[in-house]
Amino acid sequence: MLKAKYTTYTLHFIQPAVTSRDTLTRRDTYYIKIWLEDAPDCFGVGECALFRGLGDDDKPDYEKRLADLCDNINRCHSIGSIEWPEYTSLRFGLETALNDLQNGGNRIIYRSNWSQGLEEIPINGLIWMGDARTMLSRIDEKLKAGFRCMKLKIGGINFEEELDLLRYIRSRYSPDQLELRLDANGSFTPDNALSRLERLSQYGIHSIEQPIKPRQYAAMRRLCEESPIAIALDEELIGLHSMAEKTEMLDSIRPRYIILKPSLCGGFRSADEWIALAGERNIGWWATSALESNIGLNAIAQWVSTYDTLMPQGLGTGALYTDNIPSPIVQERDIIRYDPKGEWRLPEDILHL
């Protein structure tokens, strides 16, 4: 018989994380633990990384759905008889925990050269919103740390000040030396987006994520056709689960890139479908953490490492929290690697479930 339980866990940000939507100081997440009744010392752990205010599963019955999932697993004799949940972050956590269990319960979710410590994954530096002085200080820190790709959250301060920040960066580093990605989190409007994109393009921008809010297919298609900066879709993927919905969106908008957050876009199986559909349309992709703890970050990194991609990934979020779970994930300069000799130190709440 399979057994499953869950627990809650609260992560605290070292510094407030500011986007155009919200200011985050803490992150509540859930862990699901799965094991075989006759072998309780070998268990898999997954993170059900509900993202309040963004994911389409942010609903009042979320914890009941998680409890129901555990009850369902507790009645199953095999993995094949599990009823898969509807909510995307529950799928993400379930996939992670089951893969972990099947690989021996040692936090190996996908076997690859990366999970063996033989390869590295390039990452982008992330600059959160703040006042101009704060953002400038953070930019300098990332540049000194050796990042060759940087992502700036924009849309939270005066647009002219954001242009000044980009002008400062380009006065020191050319596009050949430093790749710049922007994330507007839907803060532009269909009326002002194109003019802003034209002004931003003076600074050698690689791409911009979600310039306008999702579900405006005609307006986004026009931006993709006319923008001097490549557009990457992020929030646009949330809530689209069927192949028909995914195909309709990609064919309607035709973006240059899509951004995959497995805990928000349906889990790993769904993310694999997105990659296949994008490949058929010559649409590029990269993956980004949705601010998971190291449990979720590890799963995403191991999944990414099964693909042959050299693009910097948005996986440099392990150092955001004061109380992240100690793990073998190591961030150095602009790469993350996995140290097979490192140690996972899981919280007592997980170990004693």
# chains A, B, ... in the order shown; residues from 1 in each chain; ligands from 1

call {"tool": "residues_around", "arguments": {"residues": "Ala219 in chain A", "least_positions_apart": "2", "cutoff": "12 Å", "atoms": "only C-alpha atoms", "output": "list in words"}}
result
Phe188, Thr189, Pro190, Asp191, Asn192, Ala193, Leu194, Gln210, Pro211, Ile212, Lys213, Pro214, Arg215, Gln216, Tyr217, Arg221, Arg222, Leu223, Cys224, Glu225, Glu226, Ser227, Ser252, Ile253 and Arg254 of chain A

call {"tool": "residues_around", "arguments": {"residues": "range 71-82 of chain A", "least_positions_apart": "3", "cutoff": "7 Å", "atoms": "only C-alpha atoms", "output": "list in words"}}
result
Met1, Leu2, Lys3, Ala4, Ala67 and Asp68 of chain A

call {"tool": "select_by_dssp", "arguments": {"residues": "range 7-214 of chain A", "states": "alpha helix (DSSP H)", "output": "NGL selection string"}}
result
:A and (62-74 or 88-102 or 132-144 or 159-172 or 193-200)

call {"tool": "residues_around", "arguments": {"residues": "Leu291 in chain A", "least_positions_apart": "5", "cutoff": "12 Å", "atoms": "only C-alpha atoms", "output": "ChimeraX atom specification"}}
result
/A:11-13,17,24-29,47-52,54,126,261-264,296-298,300,314-321,324

call {"tool": "write_last_selection", "arguments": {"atoms": "C-alpha atoms", "output": "mmCIF file, in the first residue's frame"}}
result
data_model
loop_
_atom_site.group_PDB
_atom_site.id
_atom_site.type_symbol
_atom_site.label_atom_id
_atom_site.label_comp_id
_atom_site.auth_asym_id
_atom_site.auth_seq_id
_atom_site.Cartn_x
_atom_site.Cartn_y
_atom_site.Cartn_z
ATOM 1 C CA LEU A 11 9.546 30.662 3.787
ATOM 2 C CA HIS A 12 10.686 34.193 4.624
ATOM 3 C CA PHE A 13 12.324 36.488 2.091
ATOM 4 C CA ALA A 17 10.321 40.828 -3.349
ATOM 5 C CA LEU A 24 6.199 39.532 -0.959
ATOM 6 C CA THR A 25 7.797 39.092 2.458
ATOM 7 C CA ARG A 26 6.874 35.424 3.034
ATOM 8 C CA ARG A 27 5.854 32.415 0.998
ATOM 9 C CA ASP A 28 3.607 29.644 2.331
ATOM 10 C CA THR A 29 4.084 26.317 0.608
ATOM 11 C CA GLU A 47 6.453 20.629 -3.201
ATOM 12 C CA CYS A 48 2.881 21.662 -3.888
ATOM 13 C CA ALA A 49 3.897 25.230 -4.591
ATOM 14 C CA LEU A 50 0.668 27.198 -4.523
ATOM 15 C CA PHE A 51 1.335 30.749 -5.731
ATOM 16 C CA ARG A 52 -1.325 32.913 -4.142
ATOM 17 C CA LEU A 54 -1.218 34.140 -9.554
ATOM 18 C CA LEU A 126 17.165 38.526 -11.043
ATOM 19 C CA LYS A 261 6.986 27.418 -14.646
ATOM 20 C CA PRO A 262 6.003 23.783 -14.094
ATOM 21 C CA SER A 263 4.167 24.437 -10.825
ATOM 22 C CA LEU A 264 1.956 26.994 -12.627
ATOM 23 C CA GLY A 296 10.737 22.476 -6.007
ATOM 24 C CA LEU A 297 13.790 24.236 -7.434
ATOM 25 C CA ASN A 298 15.731 20.961 -7.422
ATOM 26 C CA ILE A 300 12.748 21.924 -11.970
ATOM 27 C CA GLY A 314 15.480 31.502 -14.295
ATOM 28 C CA LEU A 315 16.621 29.184 -11.521
ATOM 29 C CA GLY A 316 18.689 31.449 -9.295
ATOM 30 C CA THR A 317 16.055 31.703 -6.572
ATOM 31 C CA GLY A 318 17.565 29.386 -3.965
ATOM 32 C CA ALA A 319 19.161 32.249 -2.043
ATOM 33 C CA LEU A 320 15.990 34.346 -1.691
ATOM 34 C CA TYR A 321 14.973 32.984 1.699
ATOM 35 C CA ASN A 324 15.263 27.635 2.681
#

call {"tool": "closest_residue", "arguments": {"among": "A:Tyr257, A:Leu353, A:Leu197, A:Glu209", "to": "Pro228 in chain A", "atoms": "only C-alpha atoms"}}
result
A:Leu197

call {"tool": "residues_around", "arguments": {"residues": "Arg199 in chain A", "least_positions_apart": "3", "cutoff": "12 Å", "atoms": "only C-alpha atoms", "output": "PyMOL selection string"}}
result
chain A and resi 159-160+162-164+166-167+192-196+202-205+227-229

call {"tool": "residues_around", "arguments": {"residues": "Ile335 in chain A", "least_positions_apart": "6", "cutoff": "6 Å", "atoms": "only C-alpha atoms", "output": "mmCIF file with all heavy atoms, in the first residue's frame"}}
result
data_model
loop_
_atom_site.group_PDB
_atom_site.id
_atom_site.type_symbol
_atom_site.label_atom_id
_atom_site.label_comp_id
_atom_site.auth_asym_id
_atom_site.auth_seq_id
_atom_site.Cartn_x
_atom_site.Cartn_y
_atom_site.Cartn_z
ATOM 1 N N ILE A 121 24.121 24.362 -14.971
ATOM 2 C CA ILE A 121 23.022 25.041 -15.663
ATOM 3 C C ILE A 121 23.257 26.541 -15.561
ATOM 4 O O ILE A 121 23.342 27.075 -14.446
ATOM 5 C CB ILE A 121 21.657 24.682 -15.045
ATOM 6 C CG1 ILE A 121 21.362 23.192 -15.204
ATOM 7 C CG2 ILE A 121 20.547 25.514 -15.692
ATOM 8 C CD1 ILE A 121 20.069 22.745 -14.536
ATOM 9 N N PRO A 122 23.363 27.246 -16.698
ATOM 10 C CA PRO A 122 23.514 28.705 -16.627
ATOM 11 C C PRO A 122 22.204 29.342 -16.172
ATOM 12 O O PRO A 122 21.112 28.867 -16.512
ATOM 13 C CB PRO A 122 23.858 29.099 -18.066
ATOM 14 C CG PRO A 122 23.280 28.006 -18.908
ATOM 15 C CD PRO A 122 23.370 26.750 -18.090
ATOM 16 N N ILE A 123 22.298 30.401 -15.389
ATOM 17 C CA ILE A 123 21.107 31.076 -14.881
ATOM 18 C C ILE A 123 21.226 32.576 -15.116
ATOM 19 O O ILE A 123 22.319 33.111 -15.298
ATOM 20 C CB ILE A 123 20.896 30.813 -13.376
ATOM 21 C CG1 ILE A 123 22.107 31.283 -12.567
ATOM 22 C CG2 ILE A 123 20.614 29.326 -13.125
ATOM 23 C CD1 ILE A 123 21.911 31.206 -11.066
#

call {"tool": "closest_residue", "arguments": {"among": "A:Ser89, A:Gln15, A:Gly104, A:Arg65", "to": "Leu36 in chain A", "atoms": "only C-alpha atoms"}}
result
A:Gly104
